[in-house]
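Participant: start.cif is reproduced in full below (mmCIF, C-alpha atoms, pLDDT in the B column; chains and numbers go by the auth columns).
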```cif
data_protein
#
loop_
_atom_site.group_PDB
_atom_site.id
_atom_site.type_symbol
_atom_site.label_atom_id
_atom_site.label_comp_id
_atom_site.label_asym_id
_atom_site.label_seq_id
_atom_site.Cartn_x
_atom_site.Cartn_y
_atom_site.Cartn_z
_atom_site.B_iso_or_equiv
_atom_site.auth_seq_id
_atom_site.auth_asym_id
ATOM 1 C CA MET A 1 -41.354 24.694 102.711 46.00 275 M
ATOM 2 C CA PRO A 2 -41.625 20.923 102.527 47.00 276 M
ATOM 3 C CA ALA A 3 -38.648 19.086 100.925 47.00 277 M
ATOM 4 C CA TYR A 4 -40.781 17.619 98.241 45.00 278 M
ATOM 5 C CA LEU A 5 -44.213 17.861 96.898 45.00 279 M
ATOM 6 C CA PRO A 6 -46.610 14.986 96.968 46.00 280 M
ATOM 7 C CA THR A 7 -47.324 13.192 93.756 45.00 281 M
ATOM 8 C CA SER A 8 -50.771 14.460 93.734 44.00 282 M
ATOM 9 C CA GLU A 9 -49.469 17.938 93.577 45.00 283 M
ATOM 10 C CA LEU A 10 -46.934 17.217 90.819 45.00 284 M
ATOM 11 C CA CYS A 11 -49.484 15.488 88.600 44.00 285 M
ATOM 12 C CA PRO A 12 -52.829 16.715 89.631 45.00 286 M
ATOM 13 C CA GLU A 13 -55.740 14.939 88.128 46.00 287 M
ATOM 14 C CA SER A 14 -56.955 18.284 86.984 43.00 288 M
ATOM 15 C CA LEU A 15 -54.521 18.021 84.072 45.00 289 M
ATOM 16 C CA GLY A 16 -56.826 15.529 82.484 48.00 290 M
ATOM 17 C CA ARG A 17 -54.342 12.606 81.883 50.00 291 M
ATOM 18 C CA PRO A 18 -52.262 10.462 84.187 50.00 292 M
ATOM 19 C CA ALA A 19 -48.430 10.408 84.135 50.00 293 M
ATOM 20 C CA SER A 20 -48.257 6.832 82.867 52.00 294 M
ATOM 21 C CA PHE A 21 -50.145 7.850 79.744 48.00 295 M
ATOM 22 C CA LEU A 22 -47.638 10.599 79.002 49.00 296 M
ATOM 23 C CA ASN A 23 -44.722 8.230 79.340 53.00 297 M
ATOM 24 C CA TYR A 24 -46.393 5.748 76.967 52.00 298 M
ATOM 25 C CA SER A 25 -47.140 8.397 74.354 60.00 299 M
ATOM 26 C CA ARG A 26 -43.552 9.606 74.305 64.00 300 M
ATOM 27 C CA ARG A 27 -42.200 6.119 73.725 64.00 301 M
ATOM 28 C CA THR A 28 -44.664 5.538 70.944 66.00 302 M
ATOM 29 C CA LEU A 29 -43.749 8.784 69.235 64.00 303 M
ATOM 30 C CA GLY A 30 -40.020 8.005 69.460 65.00 304 M
ATOM 31 C CA ILE A 31 -40.376 4.543 68.007 69.00 305 M
ATOM 32 C CA GLY A 32 -42.630 5.885 65.246 67.00 306 M
ATOM 33 C CA ALA A 33 -40.120 8.586 64.355 66.00 307 M
ATOM 34 C CA ILE A 34 -37.303 6.047 64.126 70.00 308 M
ATOM 35 C CA ALA A 35 -39.419 3.736 61.984 66.00 309 M
ATOM 36 C CA ALA A 36 -40.331 6.589 59.678 65.00 310 M
ATOM 37 C CA CYS A 37 -36.687 7.553 59.206 61.00 311 M
ATOM 38 C CA MET A 38 -35.737 3.997 58.373 68.00 312 M
ATOM 39 C CA ALA A 39 -38.586 3.685 55.920 60.00 313 M
ATOM 40 C CA MET A 40 -37.519 6.853 54.124 63.00 314 M
ATOM 41 C CA MET A 41 -33.926 5.625 53.897 63.00 315 M
ATOM 42 C CA SER A 42 -35.055 2.338 52.325 57.00 316 M
ATOM 43 C CA ILE A 43 -36.897 4.044 49.427 56.00 317 M
ATOM 44 C CA PRO A 44 -34.652 3.983 46.258 55.00 318 M
ATOM 45 C CA ALA A 45 -33.924 7.242 44.520 52.00 319 M
ATOM 46 C CA LEU A 46 -36.037 7.777 41.430 50.00 320 M
ATOM 47 C CA PRO A 47 -35.306 10.165 38.580 53.00 321 M
ATOM 48 C CA ALA A 48 -37.155 13.400 38.367 51.00 322 M
ATOM 49 C CA THR A 49 -39.283 11.911 35.608 53.00 323 M
ATOM 50 C CA ALA A 50 -40.158 8.295 35.777 49.00 324 M
ATOM 51 C CA ASP A 51 -40.692 7.918 32.004 56.00 325 M
ATOM 52 C CA ILE A 52 -38.961 4.822 30.572 58.00 326 M
ATOM 53 C CA VAL A 53 -36.817 5.624 27.523 56.00 327 M
ATOM 54 C CA GLU A 54 -36.032 2.719 25.183 63.00 328 M
ATOM 55 C CA ARG A 55 -32.635 3.042 23.445 65.00 329 M
ATOM 56 C CA GLN A 56 -31.865 0.972 20.368 66.00 330 M
ATOM 57 C CA VAL A 57 -28.378 -0.445 20.268 61.00 331 M
ATOM 58 C CA THR A 58 -26.944 -1.421 16.856 66.00 332 M
ATOM 59 C CA VAL A 59 -24.501 -4.267 17.027 64.00 333 M
ATOM 60 C CA VAL A 60 -21.777 -3.918 14.348 61.00 334 M
ATOM 61 C CA PRO A 61 -20.199 -7.229 13.379 69.00 335 M
ATOM 62 C CA VAL A 62 -16.442 -7.228 13.742 64.00 336 M
ATOM 63 C CA GLN A 63 -14.286 -9.181 11.330 66.00 337 M
ATOM 64 C CA SER A 64 -11.156 -10.696 12.677 66.00 338 M
ATOM 65 C CA PHE A 65 -8.191 -12.290 10.911 60.00 339 M
ATOM 66 C CA THR A 66 -5.167 -13.939 12.374 65.00 340 M
ATOM 67 C CA ALA A 67 -2.157 -14.086 10.051 58.00 341 M
ATOM 68 C CA PRO A 68 -0.159 -17.299 10.176 60.00 342 M
ATOM 69 C CA ALA A 69 3.351 -17.104 11.451 60.00 343 M
ATOM 70 C CA ILE A 70 4.722 -18.222 8.049 61.00 344 M
ATOM 71 C CA ALA A 71 3.020 -17.028 4.891 56.00 345 M
ATOM 72 C CA ILE A 72 2.543 -19.899 2.429 60.00 346 M
ATOM 73 C CA PRO A 73 2.452 -18.655 -1.197 59.00 347 M
ATOM 74 C CA PRO A 74 -0.489 -19.918 -3.231 60.00 348 M
ATOM 75 C CA ALA A 75 0.126 -22.493 -5.903 62.00 349 M
ATOM 76 C CA ILE A 76 0.477 -20.968 -9.370 57.00 350 M
ATOM 77 C CA VAL A 77 -1.606 -22.650 -12.026 58.00 351 M
ATOM 78 C CA ARG A 78 -0.765 -21.878 -15.643 57.00 352 M
ATOM 79 C CA ASP A 79 -2.445 -22.929 -18.810 59.00 353 M
ATOM 80 C CA SER A 80 -0.335 -25.201 -20.923 57.00 354 M
ATOM 81 C CA PHE A 81 1.141 -23.699 -24.019 55.00 355 M
ATOM 82 C CA ALA A 82 3.672 -24.516 -26.684 53.00 356 M
ATOM 83 C CA THR A 83 6.060 -22.247 -28.515 49.00 357 M
ATOM 84 C CA SER A 84 6.502 -22.812 -32.205 55.00 358 M
ATOM 85 C CA SER A 85 10.074 -22.242 -33.285 60.00 359 M
ATOM 86 C CA PHE A 86 10.689 -20.482 -36.562 70.00 360 M
ATOM 87 C CA SER A 87 13.604 -19.058 -38.460 82.00 361 M
ATOM 88 C CA VAL A 88 13.812 -15.491 -39.668 92.00 362 M
ATOM 89 C CA VAL A 89 13.926 -15.479 -43.464 96.00 363 M
ATOM 90 C CA GLN A 90 14.234 -12.560 -45.836 97.00 364 M
ATOM 91 C CA TRP A 91 14.357 -12.011 -49.569 97.00 365 M
ATOM 92 C CA PRO A 92 17.810 -12.005 -51.243 98.00 366 M
ATOM 93 C CA VAL A 93 16.907 -8.717 -52.948 97.00 367 M
ATOM 94 C CA PRO A 94 13.981 -6.322 -52.404 96.00 368 M
ATOM 95 C CA THR A 95 10.535 -7.808 -53.000 95.00 369 M
ATOM 96 C CA SER A 96 9.872 -5.183 -55.667 95.00 370 M
ATOM 97 C CA THR A 97 12.758 -6.476 -57.824 96.00 371 M
ATOM 98 C CA PRO A 98 11.605 -7.559 -61.314 97.00 372 M
ATOM 99 C CA ILE A 99 11.820 -11.274 -62.197 95.00 373 M
ATOM 100 C CA SER A 100 12.984 -11.952 -65.731 92.00 374 M
ATOM 101 C CA ASP A 101 12.661 -15.741 -65.744 89.00 375 M
ATOM 102 C CA TRP A 102 10.718 -18.248 -63.666 91.00 376 M
ATOM 103 C CA TYR A 103 11.219 -21.782 -62.418 91.00 377 M
ATOM 104 C CA GLY A 104 10.562 -24.654 -64.847 89.00 378 M
ATOM 105 C CA HIS A 105 10.865 -25.516 -68.507 83.00 379 M
ATOM 106 C CA ARG A 106 11.912 -22.792 -70.897 72.00 380 M
ATOM 107 C CA SER A 107 13.205 -22.244 -74.428 69.00 381 M
ATOM 108 C CA CYS A 108 15.866 -19.624 -74.978 65.00 382 M
ATOM 109 C CA ALA A 109 19.189 -19.208 -76.745 62.00 383 M
ATOM 110 C CA GLY A 110 22.169 -19.839 -74.515 58.00 384 M
ATOM 111 C CA CYS A 111 20.208 -21.190 -71.535 63.00 385 M
ATOM 112 C CA THR A 112 19.294 -24.594 -70.143 61.00 386 M
ATOM 113 C CA ALA A 113 15.987 -26.274 -70.995 77.00 387 M
ATOM 114 C CA PHE A 114 14.921 -26.485 -67.365 81.00 388 M
ATOM 115 C CA HIS A 115 15.398 -23.531 -65.109 86.00 389 M
ATOM 116 C CA HIS A 116 16.056 -24.577 -61.510 90.00 390 M
ATOM 117 C CA GLY A 117 15.431 -21.150 -60.010 94.00 391 M
ATOM 118 C CA ILE A 118 14.161 -17.656 -60.683 95.00 392 M
ATOM 119 C CA ASP A 119 16.115 -14.713 -62.109 95.00 393 M
ATOM 120 C CA PHE A 120 15.993 -11.371 -60.269 97.00 394 M
ATOM 121 C CA THR A 121 17.153 -8.301 -62.210 97.00 395 M
ATOM 122 C CA PRO A 122 17.858 -5.495 -59.704 97.00 396 M
ATOM 123 C CA GLY A 123 20.750 -4.231 -61.818 97.00 397 M
ATOM 124 C CA ALA A 124 24.442 -5.003 -62.143 97.00 398 M
ATOM 125 C CA GLY A 125 26.392 -4.552 -58.944 97.00 399 M
ATOM 126 C CA TYR A 126 23.349 -4.738 -56.619 98.00 400 M
ATOM 127 C CA PRO A 127 24.199 -6.454 -53.295 98.00 401 M
ATOM 128 C CA ILE A 128 22.921 -9.999 -52.782 98.00 402 M
ATOM 129 C CA HIS A 129 21.911 -10.938 -49.210 98.00 403 M
ATOM 130 C CA ALA A 130 21.783 -14.302 -47.447 98.00 404 M
ATOM 131 C CA ILE A 131 18.164 -15.227 -46.834 98.00 405 M
ATOM 132 C CA ALA A 132 18.841 -16.723 -43.365 97.00 406 M
ATOM 133 C CA ASP A 133 21.580 -17.747 -40.978 97.00 407 M
ATOM 134 C CA GLY A 134 23.596 -20.673 -42.284 97.00 408 M
ATOM 135 C CA VAL A 135 26.928 -22.075 -43.353 98.00 409 M
ATOM 136 C CA VAL A 136 28.531 -21.932 -46.783 98.00 410 M
ATOM 137 C CA SER A 137 28.575 -25.456 -48.217 97.00 411 M
ATOM 138 C CA GLU A 138 29.714 -24.814 -51.802 96.00 412 M
ATOM 139 C CA ILE A 139 31.225 -22.062 -53.956 96.00 413 M
ATOM 140 C CA GLY A 140 31.902 -21.888 -57.733 92.00 414 M
ATOM 141 C CA ASN A 141 34.088 -20.070 -60.235 86.00 415 M
ATOM 142 C CA PRO A 142 33.294 -18.173 -63.436 86.00 416 M
ATOM 143 C CA THR A 143 33.835 -21.226 -65.684 83.00 417 M
ATOM 144 C CA GLY A 144 30.738 -23.104 -64.491 87.00 418 M
ATOM 145 C CA GLU A 145 27.125 -22.820 -65.591 89.00 419 M
ATOM 146 C CA LEU A 146 26.229 -20.554 -62.657 93.00 420 M
ATOM 147 C CA GLY A 147 29.450 -18.568 -62.918 95.00 421 M
ATOM 148 C CA VAL A 148 30.495 -17.180 -59.549 97.00 422 M
ATOM 149 C CA TYR A 149 27.996 -18.744 -57.158 97.00 423 M
ATOM 150 C CA ALA A 150 27.530 -19.802 -53.526 98.00 424 M
ATOM 151 C CA ILE A 151 25.307 -22.358 -51.810 97.00 425 M
ATOM 152 C CA VAL A 152 24.402 -21.815 -48.167 98.00 426 M
ATOM 153 C CA ASP A 153 22.917 -24.517 -45.931 98.00 427 M
ATOM 154 C CA HIS A 154 20.152 -23.509 -43.470 97.00 428 M
ATOM 155 C CA VAL A 155 17.660 -25.102 -41.135 96.00 429 M
ATOM 156 C CA ILE A 156 14.359 -23.363 -41.814 94.00 430 M
ATOM 157 C CA ASP A 157 11.584 -24.219 -39.358 91.00 431 M
ATOM 158 C CA GLY A 158 13.341 -27.483 -38.569 91.00 432 M
ATOM 159 C CA VAL A 159 13.850 -28.446 -42.218 94.00 433 M
ATOM 160 C CA PRO A 160 17.310 -28.513 -43.887 96.00 434 M
ATOM 161 C CA VAL A 161 17.245 -26.100 -46.813 97.00 435 M
ATOM 162 C CA ARG A 162 19.963 -24.959 -49.246 98.00 436 M
ATOM 163 C CA SER A 163 19.837 -21.559 -50.958 98.00 437 M
ATOM 164 C CA VAL A 164 21.636 -20.936 -54.273 97.00 438 M
ATOM 165 C CA TYR A 165 22.996 -17.586 -55.501 98.00 439 M
ATOM 166 C CA GLY A 166 24.414 -17.586 -59.069 97.00 440 M
ATOM 167 C CA HIS A 167 26.003 -15.348 -61.701 96.00 441 M
ATOM 168 C CA MET A 168 27.615 -13.029 -59.140 97.00 442 M
ATOM 169 C CA GLN A 169 30.060 -10.367 -60.262 97.00 443 M
ATOM 170 C CA LEU A 170 33.635 -11.508 -60.590 95.00 444 M
ATOM 171 C CA GLY A 171 35.633 -10.667 -57.461 94.00 445 M
ATOM 172 C CA SER A 172 32.552 -9.620 -55.437 96.00 446 M
ATOM 173 C CA MET A 173 32.197 -12.881 -53.506 95.00 447 M
ATOM 174 C CA ILE A 174 34.726 -13.469 -50.728 93.00 448 M
ATOM 175 C CA LEU A 175 33.451 -16.630 -49.032 96.00 449 M
ATOM 176 C CA THR A 176 34.957 -19.962 -47.995 96.00 450 M
ATOM 177 C CA VAL A 177 33.353 -23.358 -47.543 97.00 451 M
ATOM 178 C CA GLY A 178 32.361 -23.821 -43.899 97.00 452 M
ATOM 179 C CA GLN A 179 32.040 -20.104 -43.259 97.00 453 M
ATOM 180 C CA LEU A 180 29.110 -19.028 -41.093 98.00 454 M
ATOM 181 C CA VAL A 181 26.896 -16.337 -42.556 98.00 455 M
ATOM 182 C CA SER A 182 24.107 -14.329 -40.988 97.00 456 M
ATOM 183 C CA ARG A 183 20.731 -13.403 -42.351 97.00 457 M
ATOM 184 C CA GLY A 184 21.084 -10.266 -44.453 96.00 458 M
ATOM 185 C CA GLN A 185 24.837 -10.609 -44.871 97.00 459 M
ATOM 186 C CA VAL A 186 26.065 -9.504 -48.294 98.00 460 M
ATOM 187 C CA LEU A 187 27.340 -12.549 -50.201 98.00 461 M
ATOM 188 C CA GLY A 188 28.313 -10.790 -53.412 98.00 462 M
ATOM 189 C CA LEU A 189 27.077 -8.467 -56.171 98.00 463 M
ATOM 190 C CA VAL A 190 24.764 -9.077 -59.107 98.00 464 M
ATOM 191 C CA GLY A 191 26.834 -9.962 -62.187 97.00 465 M
ATOM 192 C CA ASP A 192 26.850 -11.707 -65.541 95.00 466 M
ATOM 193 C CA THR A 193 29.272 -14.592 -65.037 95.00 467 M
ATOM 194 C CA GLY A 194 28.709 -18.151 -66.239 91.00 468 M
ATOM 195 C CA GLN A 195 25.948 -19.147 -68.658 88.00 469 M
ATOM 196 C CA SER A 196 24.047 -15.834 -68.590 88.00 470 M
ATOM 197 C CA THR A 197 22.360 -13.505 -71.073 86.00 471 M
ATOM 198 C CA GLY A 198 22.650 -10.426 -68.866 92.00 472 M
ATOM 199 C CA PRO A 199 23.274 -9.233 -65.291 96.00 473 M
ATOM 200 C CA HIS A 200 20.891 -10.978 -62.935 96.00 474 M
ATOM 201 C CA LEU A 201 20.738 -13.074 -59.774 97.00 475 M
ATOM 202 C CA HIS A 202 19.876 -16.715 -60.205 96.00 476 M
ATOM 203 C CA PHE A 203 18.168 -17.711 -56.946 98.00 477 M
ATOM 204 C CA GLY A 204 17.281 -21.311 -56.167 97.00 478 M
ATOM 205 C CA ILE A 205 16.055 -23.443 -53.233 98.00 479 M
ATOM 206 C CA ILE A 206 17.013 -27.098 -52.683 97.00 480 M
ATOM 207 C CA VAL A 207 15.080 -29.230 -50.171 96.00 481 M
ATOM 208 C CA GLY A 208 16.565 -32.657 -49.684 91.00 482 M
ATOM 209 C CA ALA A 209 18.215 -33.468 -53.006 89.00 483 M
ATOM 210 C CA GLU A 210 15.647 -31.762 -55.236 93.00 484 M
ATOM 211 C CA THR A 211 15.251 -28.197 -56.407 95.00 485 M
ATOM 212 C CA ILE A 212 11.835 -26.614 -55.854 96.00 486 M
ATOM 213 C CA ASP A 213 10.177 -23.486 -57.142 96.00 487 M
ATOM 214 C CA PRO A 214 11.766 -20.804 -54.946 97.00 488 M
ATOM 215 C CA TYR A 215 9.070 -18.184 -55.511 96.00 489 M
ATOM 216 C CA PRO A 216 6.174 -19.792 -53.558 96.00 490 M
ATOM 217 C CA TRP A 217 8.689 -21.007 -50.996 97.00 491 M
ATOM 218 C CA ILE A 218 10.050 -17.509 -50.318 96.00 492 M
ATOM 219 C CA LEU A 219 6.522 -16.124 -50.206 95.00 493 M
ATOM 220 C CA ALA A 220 5.575 -18.681 -47.560 94.00 494 M
ATOM 221 C CA HIS A 221 8.716 -18.368 -45.412 95.00 495 M
ATOM 222 C CA ALA A 222 9.958 -14.795 -45.682 94.00 496 M
ATOM 223 C CA ASN A 223 9.051 -12.895 -42.519 88.00 497 M
ATOM 224 C CA SER A 224 11.550 -10.075 -42.593 68.00 498 M
#
```
Here is a file; write its structure as structure tokens.

Facilitator:
Amino acid sequence: MPAYLPTSELCPESLGRPASFLNYSRRTLGIGAIAACMAMMSIPALPATADIVERQVTVVPVQSFTAPAIAIPPAIVRDSFATSSFSVVQWPVPTSTPISDWYGHRSCAGCTAFHHGIDFTPGAGYPIHAIADGVVSEIGNPTGELGVYAIVDHVIDGVPVRSVYGHMQLGSMILTVGQLVSRGQVLGLVGDTGQSTGPHLHFGIIVGAETIDPYPWILAHANS
């Protein structure tokens, strides 16, 4: 057997194509396969469905605040106002007490022609109260016109005022000049001392150096 076969026997023309054509076709197929693989790798992955879904995004505004290191208190603005000072004044006896004689001119046996006060008749022995805080400026004895009496100095709503309490029961008043008294303090008891026609309280008001009608004054100033 020969050591090799001639080329004509290995690639007989009866096969219908030459060997060079086969070599060329194989190279072409290899290059094409490589190119196809690279092309497939370069295609991006797409979702199963290519529908485009639009999603609305709502933007919520965010408020921010940075506190200062030192809190500064706001300035306080107040409306202007004024306080009116007043003194607490009360009646010397209950407001329902009968009045037997009024301030002014009068005509009666055993009494003065001009009455400088009003006469309350709550009954003998009824307690007499100071109308306001003050200081005792004068006291009298049974021999005078007002009998046993006391005068108390006050400052009522900024005005110096003196209150007079007359005809008190003998021995019921224990006061001294210069003594401080408080509103409502008992000064003595209703009596019949001095120039009197019966047990009563003579109550008077002096403003400045003049007596005034105490009834409208007490109505205007009594608040207790």

Participant: Is there a way to get, as a PyMOL selection string, all residues within 8 Å of the point (31.9, -16.1, -52.4) in file coordinates, counting all atoms listed in the file?

Facilitator: chain M and resi 413-414+422-424+446-450+461-462

Participant: Can I get the selection written as a CSV table (one decimal), in the frame of the given file, with C-alpha atoms?

Facilitator:
```
chain,number,residue,atom,x,y,z
M,413,ILE,CA,31.2,-22.1,-54.0
M,414,GLY,CA,31.9,-21.9,-57.7
M,422,VAL,CA,30.5,-17.2,-59.5
M,423,TYR,CA,28.0,-18.7,-57.2
M,424,ALA,CA,27.5,-19.8,-53.5
M,446,SER,CA,32.6,-9.6,-55.4
M,447,MET,CA,32.2,-12.9,-53.5
M,448,ILE,CA,34.7,-13.5,-50.7
M,449,LEU,CA,33.5,-16.6,-49.0
M,450,THR,CA,35.0,-20.0,-48.0
M,461,LEU,CA,27.3,-12.5,-50.2
M,462,GLY,CA,28.3,-10.8,-53.4
```

Participant: What gap, in Å, lies between CA of Asp487 in chain M and CA of Gln453 in chain M?

Facilitator: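 Pair CA of Asp487 in chain M / CA of Gln453 in chain M returns 26.1 Å.
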
Participant: List the neighbours of range 387-402 of chain M out to 8 Å using all atoms listed in the file; skip same-chain residues closer than 3 positions along the sequence, and give me the result as an MDAnalysis selection string.

Facilitator: chainID M and resid 366:367 371:382 443 460:466 473:479 485:489

Participant: Here is a test: counting all atoms listed in the file, which residue of M:Thr467, M:Thr369, M:Ser361, M:Pro416 is nearest to Val433 in chain M?

Facilitator: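 Closest candidate: M:Ser361.
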
Participant: Using Å and a single decimal, report how far CA of Glu412 in chain M sits from CA of Val435 in chain M.

Facilitator: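 Those two atoms sit 13.5 Å apart.
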
Participant: Please report the interatomic distance between CA of Pro434 in chain M and CA of Ser370 in chain M in Å with one decimal.

Facilitator: 27.2 Å

Participant: Written as a list in words, what is the full residue list that the PyMOL selection byres ((chain M and resi 496) around 8) yields on the file shown?

Facilitator: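 So the PyMOL selection byres ((chain M and resi 496) around 8), applied here, picks out Val362, Val363, Gln364, Trp365, Ile492, Leu493, Ala494, His495, Asn497 and Ser498 of chain M.
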
Participant: Compute the distance from (19.7, -19.5, -45.1) to each atom, counting all atoms listed in the file, keep the residues with any atom at most 7 Å away, and return them as an MDAnalysis selection string; use the coordinates of the file.

Facilitator: chainID M and resid 404:408 426:428 436:437 457

Participant: Of the residues M:Gln459, M:Val438, M:Leu444, M:Glu484, which is the one nearest to Gly421 in chain M, using all atoms listed in the file?

Facilitator: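 Closest candidate: M:Leu444.
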